[in-house]
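Dropping entry-v5.cif in here (mmCIF, C-alpha atoms):
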data_query
loop_
_atom_site.label_atom_id
_atom_site.label_comp_id
_atom_site.auth_asym_id
_atom_site.auth_seq_id
_atom_site.Cartn_x
_atom_site.Cartn_y
_atom_site.Cartn_z
CA MET A 292 203.11 49.03 4.31
CA ASN A 293 203.49 47.38 7.71
CA THR A 294 200.83 44.76 8.09
CA PRO A 295 200.65 42.01 10.66
CA ALA A 296 201.53 38.56 9.31
CA SER A 297 198.03 37.33 10.08
CA GLU A 298 196.34 40.11 8.10
CA THR A 299 194.70 38.92 4.91
CA ILE A 300 194.82 41.33 2.00
CA ILE A 301 192.02 41.00 -0.52
CA ILE A 302 192.36 42.70 -3.88
CA LYS A 303 189.03 42.78 -5.67
CA LEU A 304 188.51 42.40 -9.38
CA SER A 305 188.00 45.81 -10.99
CA ARG A 306 184.65 45.78 -12.77
CA LYS A 307 185.57 48.96 -14.64
CA LYS A 308 188.83 47.48 -16.00
CA ILE A 309 187.05 44.25 -16.96
CA VAL A 310 184.29 46.12 -18.83
CA LEU A 311 186.94 48.12 -20.71
CA THR A 312 188.71 44.86 -21.59
CA ILE A 313 185.44 43.40 -22.89
CA LEU A 314 184.76 46.50 -25.01
CA GLY A 315 188.31 46.52 -26.43
CA ALA A 316 188.23 42.80 -27.20
CA ALA A 317 184.79 43.12 -28.81
CA LEU A 318 186.11 45.90 -31.04
CA PHE A 319 188.97 43.68 -32.23
CA VAL A 320 186.58 40.77 -32.79
CA LEU A 321 184.47 43.07 -34.98
CA ILE A 322 187.57 44.15 -36.90
CA GLY A 323 188.46 40.46 -37.33
CA ILE A 324 184.97 39.70 -38.63
CA TRP A 325 185.25 42.60 -41.07
CA LEU A 326 188.66 41.34 -42.27
CA VAL A 327 187.29 37.83 -42.82
CA ALA A 328 184.19 39.12 -44.63
CA LYS A 329 186.12 41.56 -46.83
CA HIS A 330 189.42 39.67 -47.25
CA GLN A 331 188.97 39.46 -51.07
CA GLU A 332 188.43 43.21 -51.38
CA ILE A 333 191.29 44.44 -49.16
CA ASP A 334 194.38 45.09 -51.24
CA ARG A 335 196.25 47.69 -49.18
CA PRO A 336 198.64 47.57 -47.37
CA ILE A 337 198.86 43.80 -47.91
CA ASP A 338 198.23 42.29 -51.33
CA SER A 339 197.38 38.81 -50.06
CA PRO A 340 193.70 38.01 -49.39
CA LEU A 341 194.76 34.76 -47.71
CA PHE A 342 196.96 36.68 -45.24
CA VAL A 343 194.08 39.06 -44.45
CA LEU A 344 191.74 36.07 -43.94
CA ILE A 345 194.22 34.40 -41.57
CA MET A 346 194.83 37.61 -39.58
CA GLY A 347 191.08 38.23 -39.28
CA SER A 348 190.51 34.67 -38.08
CA ILE A 349 193.30 34.95 -35.51
CA ALA A 350 191.85 38.25 -34.26
CA ILE A 351 188.41 36.67 -33.85
CA LEU A 352 189.77 33.67 -31.95
CA PHE A 353 192.27 35.51 -29.75
CA PHE A 354 190.15 38.50 -28.82
CA GLY A 355 187.03 36.33 -28.63
CA PHE A 356 188.79 34.22 -26.00
CA ILE A 357 189.78 37.37 -24.10
CA ALA A 358 186.20 38.69 -24.25
CA ILE A 359 184.70 35.41 -23.04
CA THR A 360 187.24 35.15 -20.22
CA ALA A 361 186.56 38.75 -19.17
CA ILE A 362 182.79 38.19 -19.26
CA ARG A 363 183.23 35.14 -17.02
CA LYS A 364 185.38 37.20 -14.61
CA LEU A 365 182.77 39.96 -14.60
CA SER A 366 180.04 37.51 -13.61
CA THR A 367 182.05 35.89 -10.80
CA GLN A 368 181.85 36.94 -7.19
CA SER A 369 185.34 35.69 -6.28
CA ASP A 370 188.08 38.06 -5.18
CA GLY A 371 190.86 38.69 -7.66
CA LEU A 372 193.78 38.05 -5.32
CA ILE A 373 193.93 36.93 -1.70
CA ILE A 374 197.23 37.34 0.12
CA SER A 375 197.34 35.68 3.53
CA SER A 376 199.88 34.33 5.98
CA LYS A 377 199.52 30.94 4.23
CA GLY A 378 200.14 32.14 0.67
CA VAL A 379 198.62 33.76 -2.41
CA THR A 380 195.35 32.78 -4.07
CA ASP A 381 195.21 34.05 -7.66
CA ASN A 382 191.78 34.33 -9.32
CA SER A 383 192.69 37.30 -11.50
CA SER A 384 192.64 35.91 -15.03
CA GLY A 385 191.68 33.10 -17.39
CA ILE A 386 194.84 31.23 -16.42
CA SER A 387 194.72 32.01 -12.71
CA ALA A 388 197.14 29.98 -10.62
CA GLY A 389 194.82 29.33 -7.69
CA PHE A 390 196.46 28.86 -4.26
CA ILE A 391 200.25 29.04 -3.96
CA PRO A 392 201.72 28.51 -0.48
CA TRP A 393 204.54 30.86 0.58
CA GLU A 394 206.89 27.93 1.10
CA ASP A 395 206.67 27.19 -2.65
CA ILE A 396 207.61 30.77 -3.63
CA THR A 397 211.27 31.75 -4.03
CA ALA A 398 210.95 35.28 -5.43
CA ILE A 399 208.68 37.97 -6.80
CA THR A 400 209.91 39.52 -10.07
CA GLU A 401 208.39 41.49 -12.89
CA THR A 402 208.26 41.28 -16.66
CA ALA A 403 207.01 43.64 -19.34
CA VAL A 404 205.64 42.20 -22.57
CA VAL A 405 204.45 44.63 -25.26
CA ASN A 406 203.81 47.41 -22.71
CA GLN A 407 201.99 44.96 -20.43
CA ASN A 408 203.49 44.56 -16.95
CA PHE A 409 203.33 41.29 -15.05
CA VAL A 410 204.27 40.38 -11.51
CA ASN A 411 205.91 36.96 -11.64
CA ILE A 412 205.75 34.49 -8.78
CA VAL A 413 208.88 32.38 -9.03
CA LEU A 414 208.29 28.86 -7.72
CA LYS A 415 210.67 26.30 -6.18
CA ASP A 416 209.32 23.55 -8.44
CA PRO A 417 207.50 25.13 -11.40
CA GLU A 418 207.28 21.85 -13.35
CA ALA A 419 205.38 20.15 -10.50
CA PHE A 420 203.08 23.17 -10.15
CA ILE A 421 202.35 23.14 -13.89
CA ALA A 422 201.78 19.37 -13.92
CA ALA A 423 199.27 19.72 -11.06
CA GLN A 424 197.00 21.99 -13.16
CA LYS A 425 193.86 20.15 -14.26
CA ASN A 426 193.15 22.38 -17.27
CA SER A 427 195.34 21.54 -20.31
CA PHE A 428 195.10 25.10 -21.69
CA LYS A 429 196.30 26.46 -18.35
CA ARG A 430 199.19 23.96 -18.32
CA LYS A 431 200.25 25.03 -21.82
CA ALA A 432 200.01 28.75 -20.98
CA MET A 433 201.98 28.28 -17.75
CA THR A 434 204.62 26.23 -19.60
CA ALA A 435 204.96 29.00 -22.20
CA ASN A 436 205.28 31.61 -19.41
CA TYR A 437 207.92 29.51 -17.67
CA LYS A 438 209.97 28.97 -20.84
CA SER A 439 209.74 32.62 -21.89
CA PHE A 440 210.00 34.47 -18.57
CA GLY A 441 211.29 32.00 -15.98
CA SER A 442 208.02 31.92 -14.07
CA ALA A 443 204.93 29.76 -14.53
CA VAL A 444 202.78 32.31 -12.68
CA ALA A 445 202.44 35.81 -14.12
CA ILE A 446 199.83 38.15 -12.64
CA SER A 447 198.66 41.31 -14.36
CA ALA A 448 196.96 44.12 -12.47
CA ASN A 449 194.76 44.73 -15.54
CA SER A 450 191.70 43.10 -14.00
CA LEU A 451 192.52 43.98 -10.38
CA ASP A 452 191.47 46.99 -8.35
CA THR A 453 195.12 48.04 -7.83
CA THR A 454 198.14 49.14 -9.79
CA HIS A 455 201.04 47.00 -10.98
CA GLU A 456 203.41 48.85 -8.64
CA ASN A 457 201.19 48.34 -5.59
CA LEU A 458 200.62 44.66 -6.42
CA LYS A 459 204.36 44.03 -6.67
CA LYS A 460 205.06 45.99 -3.48
CA ILE A 461 202.51 44.01 -1.46
CA LEU A 462 203.72 40.63 -2.73
CA VAL A 463 207.40 41.46 -2.13
CA GLU A 464 206.62 42.70 1.40
CA LYS A 465 204.54 39.65 2.28
CA LEU A 466 207.14 37.21 0.91
CA THR A 467 209.90 39.04 2.83
CA GLU A 468 207.76 38.92 5.97
CA TYR A 469 207.11 35.19 5.51
CA ASN A 470 210.82 34.49 4.95
CA ARG A 471 211.80 36.57 7.98
CA MET A 472 209.29 34.77 10.22
CA ASN A 473 210.42 31.38 8.95
CA HIS A 474 214.16 32.24 8.86
CA ILE A 475 214.53 31.41 5.19
#

Re-express the file's structure as structure tokens.
Amino acid sequence: MNTPASETIIIKLSRKKIVLTILGAALFVLIGIWLVAKHQEIDRPIDSPLFVLIMGSIAILFFGFIAITAIRKLSTQSDGLIISSKGVTDNSSGISAGFIPWEDITAITETAVVNQNFVNIVLKDPEAFIAAQKNSFKRKAMTANYKSFGSAVAISANSLDTTHENLKKILVEKLTEYNRMNHI
């Protein structure tokens, strides 16, 4: 993909992928509710009603958060990812990074976690980037990403109207182009 440095690439949020995420999360919330309601009656494969109650509660909270985040993304009119000559603006998830200038980016890598692929944006000063986040949940999630995968910013193509491979290809090409133009 040979694009001029001044060309802005906009990757829209995929409404279809977001709706599927909402439906999947809602299904797991319902399963969690069923586990909580029936935790005393479930004796197979686990013989501990307390364990079933805890797992059901975790499912409700975790997948409920995912459903709410996806519903919020579905109702927004913002683009999922904007890649310009100035940098990358990430609005793709509940812990979106916002604007990241190219000069703060050292590399584009990838990580797979439980069959989920992420494109990682490796930053020159990840601690400063994390500290600048206003939302405490976002700071904690970015800190966990950084400690686990070496990058505070991990972008999934799950909510974007593109594939993981294409997303990585575009970001690598644009970073290479920026570095070449700025002799980095």

Check your understanding: Do you know which residues are at most 12 Å from Thr312 of chain A counting all atoms listed in the file, after dropping those on the same chain fewer than 6 positions away, and could you put them as an NGL selection string?
Key -> :A and (305-306 or 318-319 or 354-362 or 364-365 or 384 or 449-451)

- Message: Given the point (206.3, 46.1, -2.6) in the coordinates of this file, which residues lie within 12 Å, counting all atoms listed in the file, and how would they look as a list in words?
- Response: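 Here the neighbourhood of the point contains Met292, Asn293, Ile399, Thr400, Glu401, Val410, Thr454, His455, Glu456, Asn457, Leu458, Lys459, Lys460, Ile461, Leu462, Val463, Glu464, Lys465, Leu466, Thr467 and Glu468 of chain A.
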
Open item on the list: So that I can check the surroundings of Thr397 of chain A, please list as number ranges by chain every protein, DNA and RNA residue that reaches within 8 Å of it, counting only C-alpha atoms and ignoring chain neighbours fewer than 2 positions away.
Closed with: A: 394-395, 399, 412-415

Can you tell me which residues surround Pro392 of chain A at a distance of at most 9 Å, considering all atoms listed in the file, apart from same-chain residues fewer than 2 positions away, and format the answer as a list in words?
Ser376, Lys377, Gly378, Val379, Thr380, Phe390, Glu394, Asp395 and Ile396 of chain A

Handout entry: Selection: 10 Å around Lys303 of chain A, all atoms listed in the file, excl. self and same-chain fewer than 5 positions, as a PyMOL selection string
Key = chain A and resi 368-373+382-383+450-453

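The spacing separating atom CA of Val405 of chain A from atom CA of Lys438 of chain A amounts to 17.2 Å.
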
Among A:Ala398, A:Ala403, A:Leu311, A:Leu326, Tyr469 of chain A is approached most closely, using only C-alpha atoms, by A:Ala398

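The shell of residues at most 12 Å from Ala422 of chain A, with all atoms listed in the file counted and near chain neighbours (fewer than 6 positions) removed, consists of Asp416, Phe428, Lys429, Arg430, Lys431, Ala432, Met433, Thr434 and Ala443 of chain A.
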
_Counting only C-alpha atoms, find residues at most 12 Å from (191.6, 34.5, -37.1) (file frame) and give them as JSON, numbers by chain._
{"A": [319, 320, 321, 322, 323, 324, 325, 326, 327, 328, 330, 341, 342, 343, 344, 345, 346, 347, 348, 349, 350, 351, 352, 353, 354, 355, 356]}

Taken to one decimal, the atom CA of Thr402 of chain A-atom CA of Ser366 of chain A distance is 28.6 Å

note - atom CA of Ser375 of chain A and atom CA of Ser387 of chain A are separated by 16.9 Å

Can you report as AutoDock Vina command-line options the centre and edge lengths in Å, to one decimal, of an axis-aligned box around the listed atoms of segment 301-310 of chain A padded with 8 Å on each side?
--center_x 188.3 --center_y 45.0 --center_z -9.7 --size_x 24.1 --size_y 24.0 --size_z 34.3

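The closest residue to Ala388 of chain A, picked from A:Ile309, A:Ala419, A:Ile302, A:Val444 and counting only C-alpha atoms, is A:Val444.
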